[in-house]
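Data block below; observations after.
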Amino acid sequence: MHNNNNLTFSVQWHITTNCNNNCRHCYMYDEKTFADERKNTLSDEQLIRVLDDLTGFERKYGVRFSTFNLSGGDPVSRPGWDGFVKTLRDRGKRVTILGNPELLSAENISKLKSLGVSRYQMSLDGLENDHDDFRSPGSFKRTVAKISELEAAGIPCQIMFTYYPENRKHLFPLIEFLSENTPLSSFSFDIGCSAGNAENLSTDFSREEIKDVLERYLRLKESLINSGKKLLLREKSHFLRLFRFPAAPEDLKTFEAFPVAEGCHAAWSSVAILSDGRLMACRRMPVTSGKMPEQSFEELFLGDPFFRKLRRRTFYKGCFDCAYYQYCRGCPAYCEGETGDPFAVNPVCIKELLDDTGKVTATYPDPPLDVSFGEEMDFVKSAFHYNPEKFFERLKGNPVLRNALFRLADDREESQKYINSPTSYAGEEGFDLDAYDLLLLRHFLNWVVSDGLLVRKDTAPGIRQYINWLKYYHIRQN
């Protein structure tokens with residue numbers, strides 16, 4: 001087992017329910033959670049107690065909470081929000097904010113910049129009329145205006161689009177509008193779930209539609225990269241992993257070495273904390289697990305039965321023997337919204353439309369549900385978690401891995417061949433790599449290819465400079 005002592009977590013922390021919108025698809029208003037959140041929002045002192053508890057977990061288990069995505073409601077509407085951001089930054093945390101445009105005054109944008117907020121995410125659900133219908137009159141123009149102000153201040157802005165039948169026709173026209181008319185840095189979209197207000201919206205998709213929209217999205221991403229556009233289309237939907245990491249049945253080395261390697265991070269390396277301190281594996285899935293700070297993160301994350309089941313392959317009715325399980329696992333939140341069972345067969349799974357890959361029989365064994373906290377954390381650490389910094393550290397002591405990287409990183413076509421089937425490719429080319437290094441190289445090359453770092457004029461010199469530095473280091477060490 002590869003025990004990952006460099007595991008990093010991300011936290012989506014909803015620090016308020018205050019919001020000047022009541023969006024038609026917002027999950028915050030779910031009847032299972034909203035009333036208690038609204039009534040029992042944590043005080044500033046309780047926020048720090050929760051943060052201190054997370055710090056204790058870091059020290060005990062040798063992991064790191066590296067990124068805090070603050071949300072709400074609108075996090076900027078919470079009095080003293082900037083003080084909490086400063087506390088996080090003083091503790092060395094990366095902070096992004098998921099908010100609205102309405103409170104982005106010049107003063108608040110200046111605060112975001114001075115505090116070192118890494119990114120500000122807003123949402124658009126279509127072009128002007130349709131977006132305003134989802135949110136509030138004038139919201140589209142306010143959002144577009146704040147994109148420019150944030151980017152001008154040096155704060156990268158991301159737009160999120162949630163895909164429903166009601167707004168499906170606006171996804172690609174919106175991307176085109178943003179690319180041509182704004183300085184937006186990045187865009188992302190995902191398939192909508194039936195949670196909160198969205199229980200009143202249709203989520204009736206066909207598998208064929210989902211496959212088609214994902215393929216169109218990747219083609220458009222490639223087109224934007226090749227044309228030198230600034231806008232980067234990020235890949236949020238886990239189904240996109242089926243395109244990026246084609247299932248190679250012969251890759252038994254990785255199937256047996258790691259329980260998961262990519263895909264849905266819920267209960268593995270990502271959690272959500274509600275405004276009242278309740279912990280969730282995923283904010284789009286209204287299943288809560290205890291309450292902080294009254295209970296410790298250790299007790300909830302490692303001991304809660306629901307968290308433990310999400311980490312065990314055998315509970316997934318449709319995914320447990322799928323060759324893509326390590327990289328996808330569909331979306332338990334979507335399954336829960338559609339069927340009431342997060343472990344149900346995903347109604348829009350596109351695997352059978354892509355290939356006829358057989359079932360996987362050699363897998364990493366699930367531990368019993370009643371293991372100790374320490375044993376459960378060992379299981380979490382046994383997963384493959386890609387960390388670019390740790391990849392480069394590992395390169396220093398592994399000449400075979402360095403040689404493989406140097407041969408592939410500047411060759412997009414060969415990189416894609418390796419990504420498609422790492423075990424076979426490594427065997428043919430004589431790369432004697434273990435399962436961990438096979439996946440490290442696969443993820444790094446996928447990052448290079450999917451972000452267009454060998455094509456985009458503004459980024460290619462940077463990645464090539466880094467590769468050249470590695471080559472220089474390689475020469476010095478050999």
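Each chain of the structure tokens is named A, B, ... in the order shown, its residues numbered from 1; ligands are numbered from 1 in display order.
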Could you pull out all residues of range 253-416 of chain A with a DSSP call of helix (DSSP H, G or I) and give them as an MDAnalysis selection string? chainID A and resid 253:257 297:303 305:310 313:315 325:327 332:339 351:354 373:382 388:396 399:408 412:416
Keeping only C-alpha atoms, write the selected residues to a file as an mmCIF file, in the first residue's frame.
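Saved the output as result-v3.cif:
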```
data_model
loop_
_atom_site.group_PDB
_atom_site.id
_atom_site.type_symbol
_atom_site.label_atom_id
_atom_site.label_comp_id
_atom_site.auth_asym_id
_atom_site.auth_seq_id
_atom_site.Cartn_x
_atom_site.Cartn_y
_atom_site.Cartn_z
ATOM 1 C CA LYS A 253 -1.296 -2.670 -11.468
ATOM 2 C CA THR A 254 -3.241 0.485 -10.678
ATOM 3 C CA PHE A 255 -6.583 -1.240 -10.033
ATOM 4 C CA GLU A 256 -4.961 -3.362 -7.338
ATOM 5 C CA ALA A 257 -2.719 -0.639 -5.903
ATOM 6 C CA PHE A 297 -13.695 16.454 12.312
ATOM 7 C CA GLU A 298 -11.902 13.196 13.102
ATOM 8 C CA GLU A 299 -15.050 11.693 14.604
ATOM 9 C CA LEU A 300 -17.231 12.714 11.664
ATOM 10 C CA PHE A 301 -14.934 12.282 8.675
ATOM 11 C CA LEU A 302 -13.417 9.003 9.806
ATOM 12 C CA GLY A 303 -16.270 7.563 11.854
ATOM 13 C CA PRO A 305 -21.059 5.411 8.446
ATOM 14 C CA PHE A 306 -22.146 7.396 5.373
ATOM 15 C CA PHE A 307 -18.639 8.749 4.806
ATOM 16 C CA ARG A 308 -17.264 5.236 5.196
ATOM 17 C CA LYS A 309 -19.713 3.789 2.685
ATOM 18 C CA LEU A 310 -18.868 6.475 0.114
ATOM 19 C CA ARG A 313 -16.498 0.290 -3.861
ATOM 20 C CA THR A 314 -18.874 -2.512 -2.893
ATOM 21 C CA PHE A 315 -21.705 -0.104 -1.995
ATOM 22 C CA TYR A 325 -14.469 3.324 -11.059
ATOM 23 C CA GLN A 326 -11.042 4.649 -10.071
ATOM 24 C CA TYR A 327 -11.478 7.754 -12.233
ATOM 25 C CA PRO A 332 -23.614 10.250 -5.986
ATOM 26 C CA ALA A 333 -25.352 13.629 -5.525
ATOM 27 C CA TYR A 334 -27.130 13.301 -8.873
ATOM 28 C CA CYS A 335 -28.110 9.714 -8.041
ATOM 29 C CA GLU A 336 -29.463 10.788 -4.657
ATOM 30 C CA GLY A 337 -31.523 13.544 -6.229
ATOM 31 C CA GLU A 338 -32.981 11.276 -8.900
ATOM 32 C CA THR A 339 -33.491 8.039 -6.969
ATOM 33 C CA LYS A 351 -19.941 4.451 -20.240
ATOM 34 C CA GLU A 352 -21.832 2.029 -22.475
ATOM 35 C CA LEU A 353 -22.019 4.682 -25.186
ATOM 36 C CA LEU A 354 -18.228 4.997 -25.255
ATOM 37 C CA PHE A 373 -10.113 5.790 12.995
ATOM 38 C CA GLY A 374 -6.438 5.154 12.335
ATOM 39 C CA GLU A 375 -7.160 2.253 10.008
ATOM 40 C CA GLU A 376 -9.789 4.298 8.177
ATOM 41 C CA MET A 377 -7.312 7.138 7.693
ATOM 42 C CA ASP A 378 -4.772 4.669 6.322
ATOM 43 C CA PHE A 379 -7.432 3.674 3.779
ATOM 44 C CA VAL A 380 -8.010 7.319 2.834
ATOM 45 C CA LYS A 381 -4.274 7.798 2.422
ATOM 46 C CA SER A 382 -4.001 4.675 0.278
ATOM 47 C CA PRO A 388 1.944 18.483 -8.559
ATOM 48 C CA GLU A 389 4.432 19.641 -5.930
ATOM 49 C CA LYS A 390 4.942 16.127 -4.632
ATOM 50 C CA PHE A 391 5.224 14.805 -8.192
ATOM 51 C CA PHE A 392 8.152 17.097 -8.838
ATOM 52 C CA GLU A 393 9.741 16.132 -5.524
ATOM 53 C CA ARG A 394 9.480 12.468 -6.474
ATOM 54 C CA LEU A 395 11.111 13.188 -9.826
ATOM 55 C CA LYS A 396 14.307 14.211 -8.065
ATOM 56 C CA PRO A 399 15.691 8.840 -12.934
ATOM 57 C CA VAL A 400 13.357 6.431 -14.754
ATOM 58 C CA LEU A 401 10.395 8.710 -14.074
ATOM 59 C CA ARG A 402 12.406 11.747 -15.178
ATOM 60 C CA ASN A 403 13.463 10.080 -18.423
ATOM 61 C CA ALA A 404 9.861 9.105 -19.175
ATOM 62 C CA LEU A 405 8.705 12.663 -18.516
ATOM 63 C CA PHE A 406 11.383 14.191 -20.735
ATOM 64 C CA ARG A 407 10.422 11.907 -23.609
ATOM 65 C CA LEU A 408 6.716 12.644 -23.369
ATOM 66 C CA ARG A 412 1.261 15.853 -27.331
ATOM 67 C CA GLU A 413 0.565 12.788 -29.479
ATOM 68 C CA GLU A 414 2.826 10.458 -27.509
ATOM 69 C CA SER A 415 1.529 11.909 -24.241
ATOM 70 C CA GLN A 416 -2.010 11.016 -25.238
#
```
Applying 9 Å and only C-alpha atoms, which residues near Tyr316 in chain A remain after dropping the ones on its own chain fewer than 6 positions away? List them as a ChimeraX atom specification. /A:309-310,329,342-345
Could those residues be written to a file, using N, CA and C atoms, as a compact mmCIF listing (two decimals), in the first residue's frame?
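So result-v3.txt came out as:
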```
# COMPACT_ATOMS: atom_id res chain seq x y z
N LYS A 309 -19.12 4.48 3.83
CA LYS A 309 -19.71 3.79 2.69
C LYS A 309 -19.32 4.45 1.37
N LEU A 310 -19.26 5.78 1.34
CA LEU A 310 -18.87 6.48 0.11
C LEU A 310 -17.46 6.09 -0.32
N ARG A 329 -16.77 7.31 -10.82
CA ARG A 329 -17.80 7.05 -9.81
C ARG A 329 -19.04 7.91 -10.02
N PRO A 342 -27.85 7.53 -3.07
CA PRO A 342 -26.60 8.00 -3.69
C PRO A 342 -25.77 6.90 -4.31
N PHE A 343 -26.05 5.65 -3.96
CA PHE A 343 -25.28 4.52 -4.48
C PHE A 343 -25.98 3.82 -5.65
N ALA A 344 -27.09 4.37 -6.10
CA ALA A 344 -27.85 3.75 -7.19
C ALA A 344 -27.08 3.84 -8.51
N VAL A 345 -27.52 3.05 -9.48
CA VAL A 345 -26.98 3.15 -10.83
C VAL A 345 -27.30 4.55 -11.36
```
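Of the listed residues A:Gln158, A:Arg219, A:Glu37, A:Leu214, the one whose atoms come nearest to Leu231 in chain A is A:Gln158, with distances taken using only C-alpha atoms.
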Excluding Gly138 in chain A and any residue of its chain fewer than 2 positions from it, enumerate the residues within 12 Å of it, using only C-alpha atoms, and give them as a JSON list (two decimals) with N, CA and C atoms, in the first residue's frame.
```json
[["chain", "number", "residue", "atom", "x", "y", "z"],
["A", 21, "ASN", "N", -30.12, 36.94, -3.43],
["A", 21, "ASN", "CA", -30.84, 36.23, -4.49],
["A", 21, "ASN", "C", -31.58, 35.05, -3.90],
["A", 101, "PRO", "N", -22.20, 39.08, -7.52],
["A", 101, "PRO", "CA", -21.58, 40.34, -7.92],
["A", 101, "PRO", "C", -22.03, 41.55, -7.10],
["A", 102, "GLU", "N", -23.17, 41.44, -6.43],
["A", 102, "GLU", "CA", -23.81, 42.64, -5.88],
["A", 102, "GLU", "C", -22.97, 43.38, -4.84],
["A", 124, "LEU", "N", -23.33, 32.14, -14.00],
["A", 124, "LEU", "CA", -24.22, 32.57, -15.07],
["A", 124, "LEU", "C", -24.96, 31.34, -15.56],
["A", 127, "LEU", "N", -27.73, 33.35, -21.24],
["A", 127, "LEU", "CA", -27.62, 34.74, -21.66],
["A", 127, "LEU", "C", -28.61, 35.60, -20.87],
["A", 128, "GLU", "N", -28.66, 36.88, -21.13],
["A", 128, "GLU", "CA", -29.24, 37.83, -20.19],
["A", 128, "GLU", "C", -30.64, 37.48, -19.72],
["A", 129, "ASN", "N", -31.59, 37.31, -20.61],
["A", 129, "ASN", "CA", -32.98, 37.11, -20.18],
["A", 129, "ASN", "C", -33.14, 35.84, -19.36],
["A", 130, "ASP", "N", -32.50, 34.77, -19.81],
["A", 130, "ASP", "CA", -32.67, 33.49, -19.12],
["A", 130, "ASP", "C", -31.93, 33.47, -17.79],
["A", 131, "HIS", "N", -30.75, 34.05, -17.77],
["A", 131, "HIS", "CA", -30.03, 34.13, -16.50],
["A", 131, "HIS", "C", -30.81, 34.95, -15.48],
["A", 132, "ASP", "N", -31.30, 36.09, -15.89],
["A", 132, "ASP", "CA", -32.05, 36.94, -14.95],
["A", 132, "ASP", "C", -33.31, 36.24, -14.47],
["A", 133, "ASP", "N", -33.90, 35.40, -15.31],
["A", 133, "ASP", "CA", -35.08, 34.64, -14.90],
["A", 133, "ASP", "C", -34.71, 33.63, -13.81],
["A", 134, "PHE", "N", -33.53, 33.06, -13.89],
["A", 134, "PHE", "CA", -33.06, 32.11, -12.88],
["A", 134, "PHE", "C", -32.73, 32.81, -11.57],
["A", 135, "ARG", "N", -32.24, 34.05, -11.63],
["A", 135, "ARG", "CA", -31.69, 34.69, -10.45],
["A", 135, "ARG", "C", -32.45, 35.96, -10.05],
["A", 136, "SER", "N", -32.17, 37.06, -10.72],
["A", 136, "SER", "CA", -32.86, 38.31, -10.39],
["A", 136, "SER", "C", -32.65, 39.29, -11.53],
["A", 140, "PHE", "N", -27.42, 39.51, -14.80],
["A", 140, "PHE", "CA", -26.47, 39.21, -15.87],
["A", 140, "PHE", "C", -25.50, 40.37, -16.09],
["A", 141, "LYS", "N", -26.05, 41.57, -16.24],
["A", 141, "LYS", "CA", -25.19, 42.73, -16.49],
["A", 141, "LYS", "C", -24.27, 43.00, -15.31],
["A", 142, "ARG", "N", -24.78, 42.82, -14.09],
["A", 142, "ARG", "CA", -23.94, 43.04, -12.91],
["A", 142, "ARG", "C", -22.78, 42.04, -12.89],
["A", 143, "THR", "N", -23.07, 40.80, -13.22],
["A", 143, "THR", "CA", -22.04, 39.76, -13.20],
["A", 143, "THR", "C", -20.98, 40.03, -14.25],
["A", 144, "VAL", "N", -21.41, 40.34, -15.47],
["A", 144, "VAL", "CA", -20.46, 40.60, -16.56],
["A", 144, "VAL", "C", -19.57, 41.79, -16.22],
["A", 145, "ALA", "N", -20.16, 42.83, -15.63],
["A", 145, "ALA", "CA", -19.37, 44.01, -15.26],
["A", 145, "ALA", "C", -18.31, 43.66, -14.22]]
```
Using only C-alpha atoms, can you tell me which of A:Asn22, A:Ser185, A:Thr8, A:Asn100 comes closest to Pro75 in chain A? A:Asn100
Quick one: distance from CA of Met122 in chain A to CA of Phe243 in chain A in Å, one decimal?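 Spanning CA of Met122 in chain A to CA of Phe243 in chain A is a straight-line distance of 26.9 Å.
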Please provide as a list in words all residues within 7 Å of Arg94 in chain A, with the sequence filter that same-chain residues fewer than 2 positions apart are discarded (counting only C-alpha atoms). Ser66, Thr67, Phe68, Arg89, Gly92, Thr96 and Ser118 of chain A
How many Å lie between CA of Lys113 in chain A and CA of Ile159 in chain A, rounded to one decimal?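 Here the two named atoms are 18.3 Å from each other.
Going from CA of Ser148 in chain A to CA of Leu184 in chain A covers 7.4 Å.
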Between A:Ser421, A:Ser186, A:Ser237, A:Gln12, single out the one closest to Val213 in chain A, counting only C-alpha atoms.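 The answer is A:Ser237, which sits nearest to Val213 in chain A.
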Please provide the set of residues having any atom within 12 Å of Tyr425 in chain A, restricted to only C-alpha atoms, with same-chain residues fewer than 5 positions apart removed, written as a PDB file with N, CA and C atoms, in the first residue's frame.
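As a result, around_21.pdb now contains:
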```pdb
ATOM      1  N   ALA A 248      -8.282   1.131 -19.494  1.00  0.00           N
ATOM      2  CA  ALA A 248      -7.391   0.137 -20.080  1.00  0.00           C
ATOM      3  C   ALA A 248      -7.448  -1.108 -19.194  1.00  0.00           C
ATOM      4  N   GLU A 250      -5.989  -3.761 -19.045  1.00  0.00           N
ATOM      5  CA  GLU A 250      -4.731  -4.390 -18.653  1.00  0.00           C
ATOM      6  C   GLU A 250      -4.031  -3.647 -17.525  1.00  0.00           C
ATOM      7  N   ASP A 251      -4.553  -2.495 -17.113  1.00  0.00           N
ATOM      8  CA  ASP A 251      -3.903  -1.706 -16.068  1.00  0.00           C
ATOM      9  C   ASP A 251      -4.230  -2.229 -14.671  1.00  0.00           C
ATOM     10  N   ALA A 404      11.167   9.267 -18.538  1.00  0.00           N
ATOM     11  CA  ALA A 404       9.861   9.105 -19.175  1.00  0.00           C
ATOM     12  C   ALA A 404       9.203  10.460 -19.394  1.00  0.00           C
ATOM     13  N   LEU A 408       8.137  12.493 -23.057  1.00  0.00           N
ATOM     14  CA  LEU A 408       6.716  12.644 -23.369  1.00  0.00           C
ATOM     15  C   LEU A 408       6.182  14.065 -23.252  1.00  0.00           C
ATOM     16  N   GLU A 414       2.314  11.555 -28.325  1.00  0.00           N
ATOM     17  CA  GLU A 414       2.826  10.458 -27.509  1.00  0.00           C
ATOM     18  C   GLU A 414       2.285  10.535 -26.083  1.00  0.00           C
ATOM     19  N   SER A 415       2.119  11.751 -25.573  1.00  0.00           N
ATOM     20  CA  SER A 415       1.529  11.909 -24.241  1.00  0.00           C
ATOM     21  C   SER A 415       0.139  11.302 -24.191  1.00  0.00           C
ATOM     22  N   GLN A 416      -0.654  11.553 -25.218  1.00  0.00           N
ATOM     23  CA  GLN A 416      -2.010  11.016 -25.238  1.00  0.00           C
ATOM     24  C   GLN A 416      -1.998   9.496 -25.325  1.00  0.00           C
ATOM     25  N   LYS A 417      -1.044   8.929 -26.062  1.00  0.00           N
ATOM     26  CA  LYS A 417      -0.932   7.471 -26.127  1.00  0.00           C
ATOM     27  C   LYS A 417      -0.657   6.903 -24.738  1.00  0.00           C
ATOM     28  N   TYR A 418       0.228   7.560 -24.011  1.00  0.00           N
ATOM     29  CA  TYR A 418       0.531   7.096 -22.659  1.00  0.00           C
ATOM     30  C   TYR A 418      -0.696   7.226 -21.762  1.00  0.00           C
ATOM     31  N   ILE A 419      -1.379   8.364 -21.826  1.00  0.00           N
ATOM     32  CA  ILE A 419      -2.569   8.578 -21.004  1.00  0.00           C
ATOM     33  C   ILE A 419      -3.606   7.499 -21.273  1.00  0.00           C
ATOM     34  N   ASN A 420      -3.757   7.109 -22.539  1.00  0.00           N
ATOM     35  CA  ASN A 420      -4.764   6.117 -22.914  1.00  0.00           C
ATOM     36  C   ASN A 420      -4.485   4.745 -22.309  1.00  0.00           C
ATOM     37  N   GLY A 430       9.822   0.485 -22.291  1.00  0.00           N
ATOM     38  CA  GLY A 430      10.851   0.146 -21.316  1.00  0.00           C
ATOM     39  C   GLY A 430      10.893   1.037 -20.093  1.00  0.00           C
ATOM     40  N   PHE A 431       9.765   1.678 -19.739  1.00  0.00           N
ATOM     41  CA  PHE A 431       9.699   2.485 -18.521  1.00  0.00           C
ATOM     42  C   PHE A 431       9.366   1.558 -17.346  1.00  0.00           C
ATOM     43  N   ASP A 432      10.318   1.272 -16.512  1.00  0.00           N
ATOM     44  CA  ASP A 432      10.089   0.388 -15.376  1.00  0.00           C
ATOM     45  C   ASP A 432       9.552   1.210 -14.204  1.00  0.00           C
ATOM     46  N   LEU A 433       8.234   1.428 -14.204  1.00  0.00           N
ATOM     47  CA  LEU A 433       7.592   2.279 -13.206  1.00  0.00           C
ATOM     48  C   LEU A 433       6.589   1.470 -12.406  1.00  0.00           C
ATOM     49  N   LEU A 438       3.269   5.342 -12.380  1.00  0.00           N
ATOM     50  CA  LEU A 438       2.453   5.312 -13.596  1.00  0.00           C
ATOM     51  C   LEU A 438       1.339   6.352 -13.525  1.00  0.00           C
ATOM     52  N   LEU A 441       2.672  10.126 -13.531  1.00  0.00           N
ATOM     53  CA  LEU A 441       2.995  10.585 -14.876  1.00  0.00           C
ATOM     54  C   LEU A 441       1.734  10.785 -15.700  1.00  0.00           C
ATOM     55  N   ARG A 442       0.764   9.906 -15.522  1.00  0.00           N
ATOM     56  CA  ARG A 442      -0.488  10.030 -16.278  1.00  0.00           C
ATOM     57  C   ARG A 442      -1.205  11.328 -15.937  1.00  0.00           C
TER      58      ARG A 442
END
```
Determine, counting only C-alpha atoms, which protein, DNA and RNA residues have an atom within 12 Å of an atom of Ile48 in chain A; residues of the same chain fewer than 2 positions away are not included. Present the result as a list in words.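 Listing them by chain and then by number gives Ile15, Leu42, Ser43, Asp44, Glu45, Gln46, Val50, Leu51, Asp52, Asp53, Leu54, Thr55, Gly83, Phe84, Val85, Lys86, Thr87, Leu88, Arg91, Gly277, Met292 and Pro293 of chain A.
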Would you output that residue set with N, CA and C atoms, as a PDB file, in the first residue's frame?
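Generated file (result_9.pdb):
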```pdb
ATOM      1  N   ILE A  15     -20.201  29.986   5.048  1.00  0.00           N
ATOM      2  CA  ILE A  15     -20.067  30.751   6.290  1.00  0.00           C
ATOM      3  C   ILE A  15     -21.288  31.613   6.583  1.00  0.00           C
ATOM      4  N   LEU A  42     -22.852  29.638  12.777  1.00  0.00           N
ATOM      5  CA  LEU A  42     -21.730  29.696  13.710  1.00  0.00           C
ATOM      6  C   LEU A  42     -21.264  31.130  13.929  1.00  0.00           C
ATOM      7  N   SER A  43     -20.891  31.422  15.160  1.00  0.00           N
ATOM      8  CA  SER A  43     -20.305  32.722  15.488  1.00  0.00           C
ATOM      9  C   SER A  43     -18.851  32.754  15.011  1.00  0.00           C
ATOM     10  N   ASP A  44     -18.242  33.939  15.063  1.00  0.00           N
ATOM     11  CA  ASP A  44     -16.833  34.051  14.693  1.00  0.00           C
ATOM     12  C   ASP A  44     -15.968  33.149  15.572  1.00  0.00           C
ATOM     13  N   GLU A  45     -16.287  33.122  16.860  1.00  0.00           N
ATOM     14  CA  GLU A  45     -15.511  32.297  17.788  1.00  0.00           C
ATOM     15  C   GLU A  45     -15.656  30.814  17.443  1.00  0.00           C
ATOM     16  N   GLN A  46     -16.851  30.399  17.036  1.00  0.00           N
ATOM     17  CA  GLN A  46     -17.057  28.996  16.670  1.00  0.00           C
ATOM     18  C   GLN A  46     -16.346  28.644  15.364  1.00  0.00           C
ATOM     19  N   VAL A  50     -13.676  25.553  14.973  1.00  0.00           N
ATOM     20  CA  VAL A  50     -13.693  24.536  13.911  1.00  0.00           C
ATOM     21  C   VAL A  50     -12.347  24.508  13.197  1.00  0.00           C
ATOM     22  N   LEU A  51     -11.827  25.684  12.891  1.00  0.00           N
ATOM     23  CA  LEU A  51     -10.542  25.771  12.203  1.00  0.00           C
ATOM     24  C   LEU A  51      -9.425  25.163  13.055  1.00  0.00           C
ATOM     25  N   ASP A  52      -9.454  25.422  14.352  1.00  0.00           N
ATOM     26  CA  ASP A  52      -8.453  24.837  15.249  1.00  0.00           C
ATOM     27  C   ASP A  52      -8.566  23.309  15.274  1.00  0.00           C
ATOM     28  N   ASP A  53      -9.794  22.814  15.220  1.00  0.00           N
ATOM     29  CA  ASP A  53      -9.995  21.364  15.194  1.00  0.00           C
ATOM     30  C   ASP A  53      -9.399  20.764  13.920  1.00  0.00           C
ATOM     31  N   LEU A  54      -9.592  21.443  12.789  1.00  0.00           N
ATOM     32  CA  LEU A  54      -9.002  20.970  11.534  1.00  0.00           C
ATOM     33  C   LEU A  54      -7.476  20.969  11.624  1.00  0.00           C
ATOM     34  N   THR A  55      -6.920  21.983  12.286  1.00  0.00           N
ATOM     35  CA  THR A  55      -5.470  22.039  12.473  1.00  0.00           C
ATOM     36  C   THR A  55      -4.983  20.851  13.298  1.00  0.00           C
ATOM     37  N   GLY A  83     -11.990  39.417   7.936  1.00  0.00           N
ATOM     38  CA  GLY A  83     -11.176  38.969   9.062  1.00  0.00           C
ATOM     39  C   GLY A  83     -10.974  37.460   9.045  1.00  0.00           C
ATOM     40  N   PHE A  84     -12.023  36.732   8.669  1.00  0.00           N
ATOM     41  CA  PHE A  84     -11.898  35.276   8.603  1.00  0.00           C
ATOM     42  C   PHE A  84     -10.976  34.859   7.459  1.00  0.00           C
ATOM     43  N   VAL A  85     -11.092  35.547   6.324  1.00  0.00           N
ATOM     44  CA  VAL A  85     -10.181  35.261   5.209  1.00  0.00           C
ATOM     45  C   VAL A  85      -8.736  35.514   5.636  1.00  0.00           C
ATOM     46  N   LYS A  86      -8.514  36.611   6.362  1.00  0.00           N
ATOM     47  CA  LYS A  86      -7.151  36.917   6.827  1.00  0.00           C
ATOM     48  C   LYS A  86      -6.629  35.817   7.745  1.00  0.00           C
ATOM     49  N   THR A  87      -7.492  35.313   8.621  1.00  0.00           N
ATOM     50  CA  THR A  87      -7.081  34.222   9.505  1.00  0.00           C
ATOM     51  C   THR A  87      -6.646  33.003   8.699  1.00  0.00           C
ATOM     52  N   LEU A  88      -7.434  32.661   7.681  1.00  0.00           N
ATOM     53  CA  LEU A  88      -7.077  31.523   6.833  1.00  0.00           C
ATOM     54  C   LEU A  88      -5.757  31.762   6.113  1.00  0.00           C
ATOM     55  N   ARG A  91      -2.749  31.436   8.201  1.00  0.00           N
ATOM     56  CA  ARG A  91      -2.419  30.035   8.486  1.00  0.00           C
ATOM     57  C   ARG A  91      -1.934  29.295   7.235  1.00  0.00           C
ATOM     58  N   GLY A 277     -22.271  24.442  11.026  1.00  0.00           N
ATOM     59  CA  GLY A 277     -21.217  23.525  11.438  1.00  0.00           C
ATOM     60  C   GLY A 277     -21.433  22.077  11.068  1.00  0.00           C
ATOM     61  N   MET A 292     -20.031  20.320  13.892  1.00  0.00           N
ATOM     62  CA  MET A 292     -18.833  20.921  14.482  1.00  0.00           C
ATOM     63  C   MET A 292     -19.206  22.306  15.033  1.00  0.00           C
ATOM     64  N   PRO A 293     -18.533  22.794  16.075  1.00  0.00           N
ATOM     65  CA  PRO A 293     -17.378  22.217  16.763  1.00  0.00           C
ATOM     66  C   PRO A 293     -17.724  21.255  17.892  1.00  0.00           C
TER      67      PRO A 293
END
```
Surrounding residues of Thr16 in chain A excluding itself and chain neighbours under 4 positions, 6 Å, only C-alpha atoms, as a list in words: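 Near Thr16 in chain A, the qualifying residues are Gly72, Gly73 and Ser275 of chain A.
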May I have the residues from that selection written out with C-alpha atoms, as a CSV table (one decimal), in the first residue's frame?
```
chain,number,residue,atom,x,y,z
A,72,GLY,CA,-22.9,30.8,1.4
A,73,GLY,CA,-25.2,32.4,0.6
A,275,SER,CA,-23.2,27.6,8.2
```
